[in-house]
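What follows is the content of input-v4.txt (compact mmCIF, N, CA and C atoms).
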# COMPACT_ATOMS: atom_id res chain seq x y z
N MET A 21 83.01 262.26 116.31
CA MET A 21 82.58 262.91 117.53
C MET A 21 81.08 262.78 117.74
N VAL A 22 80.31 262.87 116.69
CA VAL A 22 78.87 262.80 116.80
C VAL A 22 78.45 261.42 117.28
N LYS A 23 79.12 260.38 116.77
CA LYS A 23 78.77 259.02 117.17
C LYS A 23 79.00 258.82 118.66
N ASN A 24 80.14 259.32 119.17
CA ASN A 24 80.44 259.15 120.59
C ASN A 24 79.43 259.87 121.47
N ALA A 25 79.01 261.06 121.06
CA ALA A 25 78.03 261.80 121.84
C ALA A 25 76.70 261.07 121.83
N PHE A 26 76.33 260.54 120.67
CA PHE A 26 75.08 259.81 120.57
C PHE A 26 75.13 258.54 121.39
N ILE A 27 76.25 257.85 121.34
CA ILE A 27 76.39 256.60 122.10
C ILE A 27 76.28 256.86 123.59
N SER A 28 76.87 257.95 124.07
CA SER A 28 76.78 258.24 125.50
C SER A 28 75.34 258.57 125.90
N ILE A 29 74.61 259.23 125.01
CA ILE A 29 73.20 259.54 125.30
C ILE A 29 72.40 258.26 125.39
N ILE A 30 72.62 257.35 124.45
CA ILE A 30 71.88 256.08 124.46
C ILE A 30 72.22 255.28 125.71
N SER A 31 73.49 255.22 126.05
CA SER A 31 73.88 254.40 127.20
C SER A 31 73.28 254.95 128.49
N GLN A 32 73.22 256.28 128.63
CA GLN A 32 72.62 256.85 129.83
C GLN A 32 71.12 256.58 129.86
N LYS A 33 70.48 256.67 128.70
CA LYS A 33 69.05 256.44 128.63
C LYS A 33 68.74 254.97 128.92
N GLU A 34 69.53 254.07 128.39
CA GLU A 34 69.27 252.65 128.53
C GLU A 34 69.62 252.13 129.93
N ASN A 35 70.49 252.82 130.66
CA ASN A 35 70.78 252.40 132.02
C ASN A 35 69.54 252.49 132.89
N GLU A 36 68.66 253.43 132.55
CA GLU A 36 67.43 253.59 133.31
C GLU A 36 66.34 252.65 132.82
N GLU A 37 66.44 252.23 131.55
CA GLU A 37 65.39 251.42 130.95
C GLU A 37 65.82 249.96 130.88
N ASN A 38 65.14 249.19 130.06
CA ASN A 38 65.35 247.76 129.95
C ASN A 38 66.64 247.44 129.21
N ARG A 39 67.55 246.75 129.86
CA ARG A 39 68.81 246.38 129.22
C ARG A 39 68.67 245.14 128.35
N GLY A 40 67.57 244.43 128.46
CA GLY A 40 67.36 243.24 127.67
C GLY A 40 66.68 243.52 126.34
N SER A 41 66.40 244.78 126.05
CA SER A 41 65.72 245.10 124.80
C SER A 41 66.65 244.84 123.62
N VAL A 42 66.06 244.60 122.48
CA VAL A 42 66.83 244.31 121.28
C VAL A 42 67.71 245.50 120.92
N GLU A 43 67.19 246.71 121.07
CA GLU A 43 67.96 247.90 120.73
C GLU A 43 69.22 248.02 121.59
N PHE A 44 69.07 247.76 122.89
CA PHE A 44 70.23 247.86 123.76
C PHE A 44 71.25 246.78 123.44
N GLN A 45 70.78 245.57 123.13
CA GLN A 45 71.71 244.50 122.79
C GLN A 45 72.47 244.83 121.50
N VAL A 46 71.78 245.35 120.49
CA VAL A 46 72.44 245.73 119.24
C VAL A 46 73.43 246.86 119.51
N PHE A 47 73.04 247.81 120.35
CA PHE A 47 73.93 248.91 120.72
C PHE A 47 75.20 248.39 121.39
N SER A 48 75.07 247.46 122.34
CA SER A 48 76.25 246.96 123.04
C SER A 48 77.12 246.13 122.11
N PHE A 49 76.50 245.34 121.22
CA PHE A 49 77.30 244.60 120.24
C PHE A 49 78.04 245.55 119.30
N THR A 50 77.40 246.65 118.93
CA THR A 50 78.03 247.62 118.03
C THR A 50 79.25 248.26 118.68
N THR A 51 79.15 248.59 119.96
CA THR A 51 80.31 249.18 120.63
C THR A 51 81.44 248.16 120.74
N LYS A 52 81.11 246.89 121.02
CA LYS A 52 82.14 245.86 121.07
C LYS A 52 82.79 245.66 119.70
N ILE A 53 81.99 245.71 118.65
CA ILE A 53 82.51 245.54 117.29
C ILE A 53 83.46 246.67 116.94
N ARG A 54 83.10 247.87 117.30
CA ARG A 54 83.98 249.02 117.00
C ARG A 54 85.29 248.93 117.76
N LYS A 55 85.24 248.47 119.02
CA LYS A 55 86.47 248.32 119.79
C LYS A 55 87.36 247.22 119.20
N LEU A 56 86.75 246.09 118.84
CA LEU A 56 87.53 245.00 118.26
C LEU A 56 88.10 245.37 116.90
N THR A 57 87.36 246.14 116.12
CA THR A 57 87.85 246.56 114.81
C THR A 57 89.08 247.45 114.96
N SER A 58 89.03 248.38 115.90
CA SER A 58 90.20 249.24 116.11
C SER A 58 91.38 248.43 116.65
N HIS A 59 91.12 247.42 117.47
CA HIS A 59 92.19 246.55 117.97
C HIS A 59 92.82 245.76 116.82
N LEU A 60 91.97 245.25 115.92
CA LEU A 60 92.47 244.43 114.83
C LEU A 60 93.21 245.24 113.76
N GLU A 61 92.99 246.54 113.72
CA GLU A 61 93.77 247.37 112.80
C GLU A 61 95.24 247.39 113.22
N LEU A 62 95.49 247.30 114.52
CA LEU A 62 96.87 247.27 115.02
C LEU A 62 97.44 245.86 115.04
N HIS A 63 96.62 244.88 115.38
CA HIS A 63 97.06 243.50 115.54
C HIS A 63 96.35 242.63 114.51
N LYS A 64 96.88 242.62 113.29
CA LYS A 64 96.20 241.96 112.19
C LYS A 64 96.17 240.44 112.32
N LYS A 65 97.12 239.84 113.02
CA LYS A 65 97.21 238.39 113.10
C LYS A 65 96.61 237.81 114.37
N ASP A 66 95.84 238.59 115.06
CA ASP A 66 95.19 238.13 116.29
C ASP A 66 93.94 237.33 115.92
N SER A 67 94.13 236.02 115.72
CA SER A 67 93.05 235.20 115.20
C SER A 67 91.93 234.99 116.21
N SER A 68 92.25 234.97 117.50
CA SER A 68 91.18 234.79 118.49
C SER A 68 90.27 236.01 118.54
N SER A 69 90.83 237.19 118.37
CA SER A 69 89.99 238.39 118.32
C SER A 69 89.17 238.42 117.04
N GLN A 70 89.74 237.93 115.94
CA GLN A 70 88.99 237.87 114.69
C GLN A 70 87.79 236.94 114.84
N ARG A 71 87.99 235.81 115.51
CA ARG A 71 86.91 234.86 115.71
C ARG A 71 85.82 235.48 116.60
N GLY A 72 86.25 236.16 117.66
CA GLY A 72 85.29 236.83 118.53
C GLY A 72 84.50 237.89 117.79
N LEU A 73 85.18 238.62 116.91
CA LEU A 73 84.50 239.64 116.12
C LEU A 73 83.45 239.01 115.21
N ARG A 74 83.79 237.90 114.56
CA ARG A 74 82.83 237.23 113.68
C ARG A 74 81.63 236.71 114.47
N LYS A 75 81.86 236.21 115.68
CA LYS A 75 80.75 235.73 116.51
C LYS A 75 79.81 236.87 116.90
N ILE A 76 80.38 238.00 117.29
CA ILE A 76 79.57 239.15 117.69
C ILE A 76 78.82 239.71 116.48
N LEU A 77 79.48 239.73 115.31
CA LEU A 77 78.79 240.18 114.10
C LEU A 77 77.60 239.30 113.78
N GLY A 78 77.75 237.99 113.96
CA GLY A 78 76.65 237.07 113.70
C GLY A 78 75.50 237.28 114.66
N LYS A 79 75.81 237.50 115.93
CA LYS A 79 74.76 237.75 116.92
C LYS A 79 73.99 239.03 116.59
N ARG A 80 74.75 240.08 116.24
CA ARG A 80 74.09 241.34 115.90
C ARG A 80 73.24 241.18 114.64
N HIS A 81 73.75 240.43 113.68
CA HIS A 81 73.00 240.19 112.44
C HIS A 81 71.67 239.48 112.73
N ARG A 82 71.71 238.48 113.59
CA ARG A 82 70.49 237.75 113.93
C ARG A 82 69.50 238.64 114.67
N LEU A 83 69.99 239.48 115.58
CA LEU A 83 69.09 240.39 116.29
C LEU A 83 68.48 241.41 115.35
N LEU A 84 69.28 241.92 114.41
CA LEU A 84 68.74 242.89 113.45
C LEU A 84 67.72 242.24 112.53
N ALA A 85 67.95 240.98 112.15
CA ALA A 85 66.98 240.28 111.31
C ALA A 85 65.68 240.10 112.07
N TYR A 86 65.76 239.75 113.34
CA TYR A 86 64.57 239.59 114.18
C TYR A 86 63.81 240.91 114.27
N LEU A 87 64.55 242.00 114.53
CA LEU A 87 63.90 243.30 114.68
C LEU A 87 63.27 243.76 113.38
N SER A 88 63.92 243.49 112.25
CA SER A 88 63.35 243.91 110.97
C SER A 88 62.07 243.15 110.65
N LYS A 89 61.95 241.92 111.12
CA LYS A 89 60.72 241.15 110.89
C LYS A 89 59.60 241.61 111.82
N LYS A 90 59.94 241.94 113.06
CA LYS A 90 58.93 242.29 114.05
C LYS A 90 58.46 243.74 113.95
N ASN A 91 59.41 244.67 113.78
CA ASN A 91 59.04 246.08 113.77
C ASN A 91 60.01 246.84 112.87
N ILE A 92 59.62 247.05 111.63
CA ILE A 92 60.51 247.67 110.64
C ILE A 92 60.82 249.12 110.98
N GLY A 93 59.91 249.81 111.64
CA GLY A 93 60.14 251.21 112.01
C GLY A 93 61.26 251.35 113.02
N ARG A 94 61.20 250.53 114.07
CA ARG A 94 62.27 250.56 115.08
C ARG A 94 63.60 250.14 114.47
N TYR A 95 63.55 249.19 113.53
CA TYR A 95 64.77 248.72 112.87
C TYR A 95 65.42 249.85 112.07
N LYS A 96 64.62 250.55 111.25
CA LYS A 96 65.15 251.65 110.43
C LYS A 96 65.73 252.75 111.31
N GLU A 97 65.03 253.07 112.40
CA GLU A 97 65.49 254.12 113.31
C GLU A 97 66.81 253.72 113.96
N LEU A 98 66.92 252.45 114.36
CA LEU A 98 68.13 251.98 115.04
C LEU A 98 69.33 251.99 114.12
N ILE A 99 69.19 251.51 112.89
CA ILE A 99 70.35 251.47 112.01
C ILE A 99 70.77 252.87 111.57
N SER A 100 69.83 253.79 111.49
CA SER A 100 70.22 255.16 111.16
C SER A 100 70.92 255.83 112.33
N GLU A 101 70.48 255.56 113.55
CA GLU A 101 71.11 256.17 114.73
C GLU A 101 72.50 255.61 114.98
N LEU A 102 72.67 254.30 114.78
CA LEU A 102 73.97 253.68 115.04
C LEU A 102 74.90 253.75 113.84
N ASP A 103 74.39 254.24 112.72
CA ASP A 103 75.17 254.39 111.49
C ASP A 103 75.76 253.06 111.04
N ILE A 104 74.88 252.06 110.90
CA ILE A 104 75.30 250.76 110.39
C ILE A 104 74.48 250.44 109.15
N ARG A 105 74.99 249.51 108.34
CA ARG A 105 74.31 249.15 107.10
C ARG A 105 73.12 248.25 107.38
N GLU A 106 72.19 248.26 106.43
CA GLU A 106 71.05 247.36 106.53
C GLU A 106 71.51 245.93 106.30
N ILE A 107 70.79 244.98 106.87
CA ILE A 107 71.15 243.58 106.69
C ILE A 107 70.62 243.11 105.34
N LYS A 108 71.31 242.11 104.80
CA LYS A 108 70.85 241.51 103.56
C LYS A 108 70.00 240.32 103.92
N THR A 109 68.77 240.32 103.44
CA THR A 109 67.89 239.19 103.71
C THR A 109 67.97 238.21 102.56
N ARG A 110 67.78 236.95 102.89
CA ARG A 110 67.90 235.93 101.86
C ARG A 110 66.63 235.76 101.09
Now, as a test, write the supplied structure out as structure tokens.
Amino acid sequence: MVKNAFISIISQKENEENRGSVEFQVFSFTTKIRKLTSHLELHKKDSSSQRGLRKILGKRHRLLAYLSKKNIGRYKELISELDIREIKTR
């Protein structure tokens, strides 16, 4: 319940602000990932959805890597707010 309330607050705030920001893009990818994950729990053999999920995960990973290099403070705040794990850097 807390995640949904937080997500609605972010989406309302971001509708007024820049939708092209890295934070908003990571937020939208995260919501898509959560929807696809719940879909795949019911439909385990849906390979096209699995492929789409992997593509979105890769995009989010690249954006998070970019954000962690440019501004570590915003990165830490974003991953704590969205309740996602930190990325592994090579």
Do you know which residues are at most 9 Å from region 86-89 of chain A counting only C-alpha atoms, after dropping those on the same chain fewer than 4 positions away, and could you put them as a CSV table (one decimal) with N, CA and C atoms, in the frame of the given file?
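Result file result_12.csv:
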chain,number,residue,atom,x,y,z
A,42,VAL,N,66.1,244.6,122.5
A,42,VAL,CA,66.8,244.3,121.3
A,42,VAL,C,67.7,245.5,120.9
A,43,GLU,N,67.2,246.7,121.1
A,43,GLU,CA,68.0,247.9,120.7
A,43,GLU,C,69.2,248.0,121.6
A,81,HIS,N,73.8,240.4,113.7
A,81,HIS,CA,73.0,240.2,112.4
A,81,HIS,C,71.7,239.5,112.7
A,82,ARG,N,71.7,238.5,113.6
A,82,ARG,CA,70.5,237.8,113.9
A,82,ARG,C,69.5,238.6,114.7
A,93,GLY,N,59.9,249.8,111.6
A,93,GLY,CA,60.1,251.2,112.0
A,93,GLY,C,61.3,251.4,113.0
A,94,ARG,N,61.2,250.5,114.1
A,94,ARG,CA,62.3,250.6,115.1
A,94,ARG,C,63.6,250.1,114.5
A,95,TYR,N,63.6,249.2,113.5
A,95,TYR,CA,64.8,248.7,112.9
A,95,TYR,C,65.4,249.8,112.1
A,96,LYS,N,64.6,250.6,111.2
A,96,LYS,CA,65.2,251.6,110.4
A,96,LYS,C,65.7,252.8,111.3
A,107,ILE,N,70.8,245.0,106.9
A,107,ILE,CA,71.2,243.6,106.7
A,107,ILE,C,70.6,243.1,105.3
With only N, CA and C atoms as the basis for distance, which of A:Lys52, A:His63, A:Lys108, A:Gly72 is at the shortest distance from Ala85 (chain A)? A:Lys108
For a test of reading the model, state the distance in Å between atom N of Leu56 (chain A) and CA of Leu73 (chain A), rounded to one decimal. 7.4 Å
Straight-line distance linking atom C of Lys79 (chain A) with atom C of Phe49 (chain A), stated in Å to one decimal: 8.1 Å
Distance CA of Arg74 (chain A)-CA of Ile92 (chain A), one decimal place?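 Between CA of Arg74 (chain A) and CA of Ile92 (chain A) the gap works out to 24.8 Å.
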